[in-house]
$ cat my_file-v7.cif   # mmCIF, C-alpha atoms and all ligand atoms
data_structure
#
loop_
_atom_site.label_atom_id
_atom_site.label_comp_id
_atom_site.auth_asym_id
_atom_site.auth_seq_id
_atom_site.Cartn_x
_atom_site.Cartn_y
_atom_site.Cartn_z
CA MET A 25 16.55 6.25 122.63
CA ARG A 26 20.27 6.72 121.97
CA GLU A 27 21.16 9.79 119.90
CA PRO A 28 23.08 9.11 116.67
CA ILE A 29 26.81 9.64 117.12
CA GLN A 30 27.69 13.01 115.63
CA GLY A 31 29.68 12.92 112.43
CA LYS A 32 29.03 9.19 111.89
CA LYS A 33 28.34 8.50 108.21
CA LYS A 34 25.12 6.79 107.21
CA LYS A 35 25.75 3.31 105.83
CA ILE A 36 25.03 2.40 102.22
CA SER A 37 21.94 0.25 102.61
CA LEU A 38 20.69 -2.59 100.41
CA LEU A 39 17.34 -4.36 100.61
CA PHE A 40 16.71 -7.56 98.64
CA VAL A 41 13.07 -8.36 97.89
CA CYS A 42 11.23 -11.46 96.63
CA LEU A 43 7.71 -12.82 97.21
CA GLY A 44 7.93 -14.89 100.40
CA ASN A 45 11.27 -13.71 101.84
CA ILE A 46 12.17 -17.34 102.59
CA CYS A 47 14.04 -18.46 99.43
CA ARG A 48 15.63 -15.93 97.07
CA SER A 49 15.94 -12.68 99.03
CA PRO A 50 17.35 -14.20 102.26
CA ALA A 51 19.86 -16.05 100.08
CA ALA A 52 20.82 -12.77 98.37
CA GLU A 53 21.12 -11.14 101.80
CA GLY A 54 23.41 -13.91 103.08
CA ILE A 55 25.56 -13.92 99.93
CA MET A 56 25.96 -10.13 99.94
CA LYS A 57 26.75 -10.07 103.68
CA SER A 58 29.47 -12.62 103.09
CA ILE A 59 31.00 -10.49 100.26
CA VAL A 60 30.81 -7.36 102.45
CA GLU A 61 32.47 -9.18 105.37
CA LYS A 62 35.17 -10.61 103.13
CA HIS A 63 36.07 -7.01 102.23
CA ASP A 64 35.73 -5.85 105.85
CA LEU A 65 33.09 -3.27 104.85
CA GLN A 66 30.37 -4.19 107.35
CA ASP A 67 30.65 -0.69 108.91
CA VAL A 68 30.00 0.85 105.49
CA ILE A 69 27.37 -1.37 103.83
CA GLU A 70 24.28 -2.82 105.51
CA VAL A 71 22.10 -5.54 104.02
CA ASP A 72 18.53 -6.70 104.70
CA SER A 73 15.72 -8.54 102.88
CA ALA A 74 11.92 -8.55 102.74
CA GLY A 75 8.98 -10.09 100.87
CA THR A 76 6.11 -8.46 99.02
CA SER A 77 3.86 -10.93 100.88
CA GLY A 78 3.76 -11.44 104.63
CA TRP A 79 2.88 -15.16 104.24
CA HIS A 80 5.96 -16.40 106.07
CA GLU A 81 6.47 -13.50 108.51
CA GLY A 82 8.90 -14.43 111.30
CA GLU A 83 10.06 -17.70 109.67
CA LEU A 84 13.63 -18.74 108.97
CA PRO A 85 14.51 -19.30 105.29
CA ASP A 86 13.12 -22.44 103.62
CA THR A 87 15.03 -25.55 104.78
CA ARG A 88 15.96 -26.43 101.18
CA MET A 89 17.46 -22.97 100.62
CA ARG A 90 19.36 -23.22 103.91
CA ALA A 91 20.73 -26.66 103.00
CA HIS A 92 21.88 -25.55 99.54
CA GLY A 93 23.45 -22.46 101.11
CA GLU A 94 25.30 -24.56 103.71
CA LYS A 95 26.92 -26.58 100.93
CA ARG A 96 28.50 -23.28 99.81
CA LYS A 97 29.39 -22.26 103.39
CA TYR A 98 26.59 -19.72 103.83
CA ASP A 99 24.37 -19.45 106.88
CA PHE A 100 21.00 -18.06 105.73
CA CYS A 101 19.38 -17.20 109.04
CA SER A 102 17.32 -14.02 108.66
CA ARG A 103 13.65 -13.91 109.71
CA ALA A 104 11.02 -13.20 107.04
CA ARG A 105 9.23 -9.86 107.06
CA LYS A 106 6.96 -7.99 104.70
CA PHE A 107 8.18 -5.01 102.67
CA ARG A 108 6.86 -1.75 104.16
CA LYS A 109 6.52 1.68 102.56
CA SER A 110 9.07 3.14 104.97
CA ASP A 111 11.69 0.86 103.31
CA PHE A 112 11.72 3.26 100.34
CA ASP A 113 13.28 5.95 102.52
CA ALA A 114 15.28 3.62 104.78
CA PHE A 115 17.27 1.94 101.95
CA ASP A 116 19.46 3.25 99.12
CA TYR A 117 19.05 0.23 96.82
CA ILE A 118 15.95 -1.95 96.61
CA LEU A 119 16.86 -5.05 94.62
CA ILE A 120 14.04 -7.18 93.29
CA MET A 121 14.21 -10.81 92.20
CA ASP A 122 11.63 -10.91 89.42
CA GLN A 123 9.38 -8.83 87.21
CA ASN A 124 6.13 -9.47 89.17
CA ASN A 125 7.61 -8.30 92.45
CA TYR A 126 9.35 -5.42 90.66
CA ASN A 127 5.95 -4.24 89.39
CA SER A 128 4.38 -4.61 92.87
CA ILE A 129 7.13 -2.60 94.57
CA LYS A 130 7.20 0.11 91.92
CA GLY A 131 3.43 0.38 92.24
CA MET A 132 3.84 1.22 95.94
CA ALA A 133 6.30 4.09 95.32
CA ASP A 134 5.08 7.65 95.90
CA ASN A 135 7.64 9.62 93.91
CA THR A 136 10.47 9.42 91.38
CA GLU A 137 13.17 9.36 94.06
CA GLN A 138 11.65 6.18 95.51
CA ILE A 139 11.22 4.65 92.05
CA SER A 140 14.87 5.37 91.21
CA LYS A 141 15.99 3.13 94.08
CA VAL A 142 14.21 0.06 92.68
CA HIS A 143 16.24 -2.31 90.47
CA LEU A 144 15.96 -5.86 89.23
CA ILE A 145 18.95 -7.64 90.80
CA THR A 146 19.77 -9.16 87.39
CA GLU A 147 20.74 -5.65 86.15
CA PHE A 148 24.03 -6.40 87.92
CA SER A 149 24.61 -9.89 86.50
CA ARG A 150 27.88 -10.44 84.67
CA GLN A 151 28.38 -14.10 83.71
CA TYR A 152 24.62 -14.78 83.64
CA SER A 153 23.51 -11.56 81.95
CA HIS A 154 21.15 -13.55 79.67
CA HIS A 155 18.89 -14.24 82.70
CA ASN A 156 16.52 -11.33 83.30
CA GLU A 157 15.16 -12.54 86.62
CA ILE A 158 15.84 -14.95 89.47
CA PRO A 159 13.25 -17.71 88.97
CA ASP A 160 11.08 -18.67 91.94
CA PRO A 161 12.39 -22.05 93.19
CA TYR A 162 9.59 -22.70 95.73
CA TYR A 163 7.83 -25.40 93.69
CA GLY A 164 11.06 -26.49 92.03
CA ASN A 165 13.73 -29.12 92.63
CA SER A 166 17.29 -29.15 93.83
CA SER A 167 18.72 -27.89 90.54
CA ASP A 168 16.36 -24.87 90.69
CA PHE A 169 17.80 -23.95 94.10
CA GLU A 170 21.35 -24.37 92.79
CA LEU A 171 20.55 -22.12 89.81
CA VAL A 172 19.20 -19.43 92.18
CA LEU A 173 22.49 -19.51 94.10
CA ASP A 174 24.60 -19.40 90.91
CA LEU A 175 22.62 -16.40 89.61
CA LEU A 176 22.68 -14.60 92.96
CA GLU A 177 26.41 -15.09 93.54
CA ASP A 178 27.06 -13.60 90.11
CA ALA A 179 24.64 -10.65 90.46
CA CYS A 180 25.73 -9.84 94.04
CA LYS A 181 29.36 -9.75 92.91
CA GLY A 182 28.40 -7.36 90.10
CA LEU A 183 26.38 -5.17 92.47
CA PHE A 184 29.21 -5.09 95.00
CA LEU A 185 31.74 -4.02 92.35
CA LYS A 186 29.41 -1.24 91.15
CA ILE A 187 28.92 0.10 94.68
CA LYS A 188 32.64 -0.19 95.43
CA ASN A 189 33.38 1.79 92.29
CA ASP A 190 30.59 4.40 92.69
CA PHE A 191 31.48 5.12 96.31
CA SER A 192 35.27 4.73 95.83
CA LEU A 193 35.48 2.08 98.55
CA ILE A 194 38.83 0.39 99.04
P1 LIG B 1 10.64 -16.60 97.58
O1 LIG B 1 9.91 -17.99 97.24
O2 LIG B 1 9.74 -15.52 97.02
O3 LIG B 1 11.93 -16.70 96.85
O4 LIG B 1 10.79 -16.54 99.09
C1 LIG B 1 8.60 -18.30 97.62
C2 LIG B 1 8.32 -18.64 98.91
C3 LIG B 1 7.03 -18.99 99.29
C4 LIG B 1 6.03 -18.99 98.34
C5 LIG B 1 6.31 -18.64 97.02
C6 LIG B 1 7.60 -18.28 96.66
N1 LIG B 1 4.70 -19.39 98.72
O5 LIG B 1 3.86 -19.54 97.82
O6 LIG B 1 4.43 -19.58 99.92
#
$ encode --input "my_file-v7.cif" --output "structure tokens" --more "lines below"
Ligand code: 4NP
Amino acid sequence: MREPIQGKKKKISLLFVCLGNICRSPAAEGIMKSIVEKHDLQDVIEVDSAGTSGWHEGELPDTRMRAHGEKRKYDFCSRARKFRKSDFDAFDYILIMDQNNYNSIKGMADNTEQISKVHLITEFSRQYSHHNEIPDPYYGNSSDFELVLDLLEDACKGLFLKIKNDFSLI
């Protein structure tokens, strides 16, 4: 295996988590990657997503989520995977879509350092701060998918600004 390049800084790493990793968290991953790329910070911030279930392991995002994303010029193309305990140490921020999954992930943490990395993504909402979770759109209709994208664009912007400020990124 290749040795890490000496002196190279570790990236700031973000992991978005929902239940299936085919609707909300891959959308959050795609939205955040697009913000990071727009600011040319892809060498500084890395983004991934996972599900608390492994039901859709290896699948592309749900076709409805992909279609709604395309209308906003996103390409949601990650492959679903299940959250693993090693993610607690691999990522700096673990950003959860709703209260149920937040409770599941927190329940898997071994110590306070791991717990301190876990946040509800809506903690970073600005315009939509009255929403305290990203509702599951899986059994919903087209307007439910649009709402997910509205909420995620807002919360990802808020999260990006916080990280940019905390780490003094230009
Ligand atoms: P996600 O949505 O957690 O946003 O990916 C769901 C995807 C699949 C299922 C539920 C929610 N499912 O029941 O298979």
$ closest_residue --input "my_file-v7.cif" --among "A:Lys35, A:Lys186, A:Arg48, A:Arg103" --to "Asp122 of chain A" --atoms "only C-alpha atoms"
A:Arg48
$ atom_distance --input "my_file-v7.cif" --atom1 "atom CA of Ser149 of chain A" --atom2 "atom CA of Met56 of chain A"
13.5 Å
$ residues_near_ligand --input "my_file-v7.cif" --ligand "ligand LIG 1 (chain B)" --cutoff "9 Å" --atoms "only C-alpha atoms and all ligand atoms" --output "number ranges by chain"
A: 41-51, 74-77, 79-80, 85-86, 104, 121, 125, 158-163
$ atom_distance --input "my_file-v7.cif" --atom1 "atom CA of Gly182 of chain A" --atom2 "atom CA of Phe148 of chain A"
5.0 Å
$ residues_around --input "my_file-v7.cif" --residues "His143 of chain A" --least-positions-apart "6" --cutoff "9 Å" --atoms "all atoms listed in the file" --output "ChimeraX atom specification"
/A:117-121,126
$ residues_around --input "my_file-v7.cif" --residues "Phe191 of chain A" --least-positions-apart "2" --cutoff "12 Å" --atoms "only C-alpha atoms" --output "VMD selection string"
chain A and resid 35 to 36 68 to 69 184 to 189 193 to 194
$ decode --input "my_file-v7.cif" --residues "segment 176-190 of chain A" --atoms "all heavy atoms" --output "PDB file, in the first residue's frame"
ATOM      1  N   LEU A 176     -32.321  20.212   2.176  1.00  0.00           N
ATOM      2  CA  LEU A 176     -30.898  19.835   2.150  1.00  0.00           C
ATOM      3  C   LEU A 176     -30.026  20.941   1.563  1.00  0.00           C
ATOM      4  O   LEU A 176     -28.916  21.176   2.046  1.00  0.00           O
ATOM      5  CB  LEU A 176     -30.708  18.533   1.365  1.00  0.00           C
ATOM      6  CG  LEU A 176     -31.165  17.269   2.090  1.00  0.00           C
ATOM      7  CD1 LEU A 176     -30.994  16.042   1.185  1.00  0.00           C
ATOM      8  CD2 LEU A 176     -30.391  17.064   3.398  1.00  0.00           C
ATOM      9  N   GLU A 177     -30.520  21.623   0.538  1.00  0.00           N
ATOM     10  CA  GLU A 177     -29.711  22.723  -0.031  1.00  0.00           C
ATOM     11  C   GLU A 177     -29.470  23.785   1.034  1.00  0.00           C
ATOM     12  O   GLU A 177     -28.368  24.318   1.165  1.00  0.00           O
ATOM     13  CB  GLU A 177     -30.418  23.337  -1.251  1.00  0.00           C
ATOM     14  CG  GLU A 177     -30.319  22.445  -2.470  1.00  0.00           C
ATOM     15  CD  GLU A 177     -30.946  23.029  -3.732  1.00  0.00           C
ATOM     16  OE1 GLU A 177     -31.891  23.850  -3.615  1.00  0.00           O
ATOM     17  OE2 GLU A 177     -30.529  22.650  -4.829  1.00  0.00           O
ATOM     18  N   ASP A 178     -30.509  24.063   1.803  1.00  0.00           N
ATOM     19  CA  ASP A 178     -30.408  25.079   2.858  1.00  0.00           C
ATOM     20  C   ASP A 178     -29.450  24.622   3.970  1.00  0.00           C
ATOM     21  O   ASP A 178     -28.534  25.364   4.362  1.00  0.00           O
ATOM     22  CB  ASP A 178     -31.819  25.326   3.419  1.00  0.00           C
ATOM     23  CG  ASP A 178     -31.845  26.378   4.499  1.00  0.00           C
ATOM     24  OD1 ASP A 178     -31.231  27.448   4.297  1.00  0.00           O
ATOM     25  OD2 ASP A 178     -32.473  26.135   5.544  1.00  0.00           O
ATOM     26  N   ALA A 179     -29.631  23.399   4.465  1.00  0.00           N
ATOM     27  CA  ALA A 179     -28.808  22.914   5.582  1.00  0.00           C
ATOM     28  C   ALA A 179     -27.348  22.718   5.153  1.00  0.00           C
ATOM     29  O   ALA A 179     -26.424  23.008   5.921  1.00  0.00           O
ATOM     30  CB  ALA A 179     -29.387  21.604   6.120  1.00  0.00           C
ATOM     31  N   CYS A 180     -27.132  22.243   3.932  1.00  0.00           N
ATOM     32  CA  CYS A 180     -25.746  22.038   3.455  1.00  0.00           C
ATOM     33  C   CYS A 180     -25.036  23.384   3.319  1.00  0.00           C
ATOM     34  O   CYS A 180     -23.844  23.489   3.630  1.00  0.00           O
ATOM     35  CB  CYS A 180     -25.725  21.293   2.122  1.00  0.00           C
ATOM     36  SG  CYS A 180     -26.075  19.534   2.326  1.00  0.00           S
ATOM     37  N   LYS A 181     -25.753  24.400   2.860  1.00  0.00           N
ATOM     38  CA  LYS A 181     -25.160  25.738   2.778  1.00  0.00           C
ATOM     39  C   LYS A 181     -24.743  26.204   4.162  1.00  0.00           C
ATOM     40  O   LYS A 181     -23.652  26.714   4.371  1.00  0.00           O
ATOM     41  CB  LYS A 181     -26.205  26.722   2.206  1.00  0.00           C
ATOM     42  CG  LYS A 181     -25.767  27.350   0.892  1.00  0.00           C
ATOM     43  CD  LYS A 181     -26.821  28.325   0.401  1.00  0.00           C
ATOM     44  CE  LYS A 181     -27.547  27.757  -0.808  1.00  0.00           C
ATOM     45  NZ  LYS A 181     -28.754  28.476  -1.187  1.00  0.00           N
ATOM     46  N   GLY A 182     -25.642  26.018   5.143  1.00  0.00           N
ATOM     47  CA  GLY A 182     -25.357  26.425   6.524  1.00  0.00           C
ATOM     48  C   GLY A 182     -24.169  25.667   7.097  1.00  0.00           C
ATOM     49  O   GLY A 182     -23.291  26.254   7.746  1.00  0.00           O
ATOM     50  N   LEU A 183     -24.116  24.369   6.828  1.00  0.00           N
ATOM     51  CA  LEU A 183     -22.998  23.550   7.313  1.00  0.00           C
ATOM     52  C   LEU A 183     -21.694  24.001   6.659  1.00  0.00           C
ATOM     53  O   LEU A 183     -20.663  24.133   7.331  1.00  0.00           O
ATOM     54  CB  LEU A 183     -23.273  22.075   6.992  1.00  0.00           C
ATOM     55  CG  LEU A 183     -22.142  21.099   7.263  1.00  0.00           C
ATOM     56  CD1 LEU A 183     -21.790  21.051   8.752  1.00  0.00           C
ATOM     57  CD2 LEU A 183     -22.518  19.683   6.775  1.00  0.00           C
ATOM     58  N   PHE A 184     -21.747  24.247   5.356  1.00  0.00           N
ATOM     59  CA  PHE A 184     -20.535  24.677   4.653  1.00  0.00           C
ATOM     60  C   PHE A 184     -20.014  25.997   5.242  1.00  0.00           C
ATOM     61  O   PHE A 184     -18.813  26.145   5.498  1.00  0.00           O
ATOM     62  CB  PHE A 184     -20.819  24.841   3.151  1.00  0.00           C
ATOM     63  CG  PHE A 184     -19.613  25.319   2.391  1.00  0.00           C
ATOM     64  CD1 PHE A 184     -18.588  24.448   2.073  1.00  0.00           C
ATOM     65  CD2 PHE A 184     -19.492  26.653   2.025  1.00  0.00           C
ATOM     66  CE1 PHE A 184     -17.448  24.882   1.397  1.00  0.00           C
ATOM     67  CE2 PHE A 184     -18.367  27.105   1.355  1.00  0.00           C
ATOM     68  CZ  PHE A 184     -17.340  26.216   1.036  1.00  0.00           C
ATOM     69  N   LEU A 185     -20.896  26.940   5.485  1.00  0.00           N
ATOM     70  CA  LEU A 185     -20.475  28.247   6.030  1.00  0.00           C
ATOM     71  C   LEU A 185     -19.859  28.075   7.415  1.00  0.00           C
ATOM     72  O   LEU A 185     -18.869  28.725   7.753  1.00  0.00           O
ATOM     73  CB  LEU A 185     -21.661  29.216   6.096  1.00  0.00           C
ATOM     74  CG  LEU A 185     -22.162  29.688   4.732  1.00  0.00           C
ATOM     75  CD1 LEU A 185     -23.400  30.552   4.889  1.00  0.00           C
ATOM     76  CD2 LEU A 185     -21.068  30.466   3.981  1.00  0.00           C
ATOM     77  N   LYS A 186     -20.412  27.192   8.222  1.00  0.00           N
ATOM     78  CA  LYS A 186     -19.882  26.945   9.568  1.00  0.00           C
ATOM     79  C   LYS A 186     -18.465  26.362   9.471  1.00  0.00           C
ATOM     80  O   LYS A 186     -17.551  26.799  10.164  1.00  0.00           O
ATOM     81  CB  LYS A 186     -20.833  25.998  10.324  1.00  0.00           C
ATOM     82  CG  LYS A 186     -20.234  25.308  11.513  1.00  0.00           C
ATOM     83  CD  LYS A 186     -21.069  25.510  12.758  1.00  0.00           C
ATOM     84  CE  LYS A 186     -20.493  24.819  13.980  1.00  0.00           C
ATOM     85  NZ  LYS A 186     -19.319  25.471  14.531  1.00  0.00           N
ATOM     86  N   ILE A 187     -18.289  25.382   8.588  1.00  0.00           N
ATOM     87  CA  ILE A 187     -16.967  24.752   8.450  1.00  0.00           C
ATOM     88  C   ILE A 187     -15.967  25.772   7.906  1.00  0.00           C
ATOM     89  O   ILE A 187     -14.831  25.879   8.371  1.00  0.00           O
ATOM     90  CB  ILE A 187     -17.066  23.518   7.525  1.00  0.00           C
ATOM     91  CG1 ILE A 187     -17.835  22.409   8.248  1.00  0.00           C
ATOM     92  CG2 ILE A 187     -15.701  23.032   7.084  1.00  0.00           C
ATOM     93  CD1 ILE A 187     -18.172  21.217   7.404  1.00  0.00           C
ATOM     94  N   LYS A 188     -16.403  26.549   6.916  1.00  0.00           N
ATOM     95  CA  LYS A 188     -15.535  27.552   6.304  1.00  0.00           C
ATOM     96  C   LYS A 188     -15.062  28.546   7.360  1.00  0.00           C
ATOM     97  O   LYS A 188     -13.904  28.926   7.424  1.00  0.00           O
ATOM     98  CB  LYS A 188     -16.344  28.278   5.224  1.00  0.00           C
ATOM     99  CG  LYS A 188     -15.534  29.050   4.238  1.00  0.00           C
ATOM    100  CD  LYS A 188     -16.397  29.361   3.024  1.00  0.00           C
ATOM    101  CE  LYS A 188     -15.839  30.522   2.266  1.00  0.00           C
ATOM    102  NZ  LYS A 188     -16.482  31.794   2.506  1.00  0.00           N
ATOM    103  N   ASN A 189     -15.974  28.907   8.244  1.00  0.00           N
ATOM    104  CA  ASN A 189     -15.674  29.849   9.313  1.00  0.00           C
ATOM    105  C   ASN A 189     -14.785  29.200  10.382  1.00  0.00           C
ATOM    106  O   ASN A 189     -13.735  29.734  10.737  1.00  0.00           O
ATOM    107  CB  ASN A 189     -16.998  30.319   9.913  1.00  0.00           C
ATOM    108  CG  ASN A 189     -16.801  31.485  10.839  1.00  0.00           C
ATOM    109  OD1 ASN A 189     -16.118  32.440  10.483  1.00  0.00           O
ATOM    110  ND2 ASN A 189     -17.360  31.400  12.029  1.00  0.00           N
ATOM    111  N   ASP A 190     -15.165  28.009  10.856  1.00  0.00           N
ATOM    112  CA  ASP A 190     -14.410  27.339  11.925  1.00  0.00           C
ATOM    113  C   ASP A 190     -12.977  27.024  11.512  1.00  0.00           C
ATOM    114  O   ASP A 190     -12.072  27.050  12.336  1.00  0.00           O
ATOM    115  CB  ASP A 190     -15.090  26.013  12.323  1.00  0.00           C
ATOM    116  CG  ASP A 190     -16.371  26.242  13.101  1.00  0.00           C
ATOM    117  OD1 ASP A 190     -16.700  27.409  13.381  1.00  0.00           O
ATOM    118  OD2 ASP A 190     -17.059  25.264  13.425  1.00  0.00           O
TER     119      ASP A 190
END
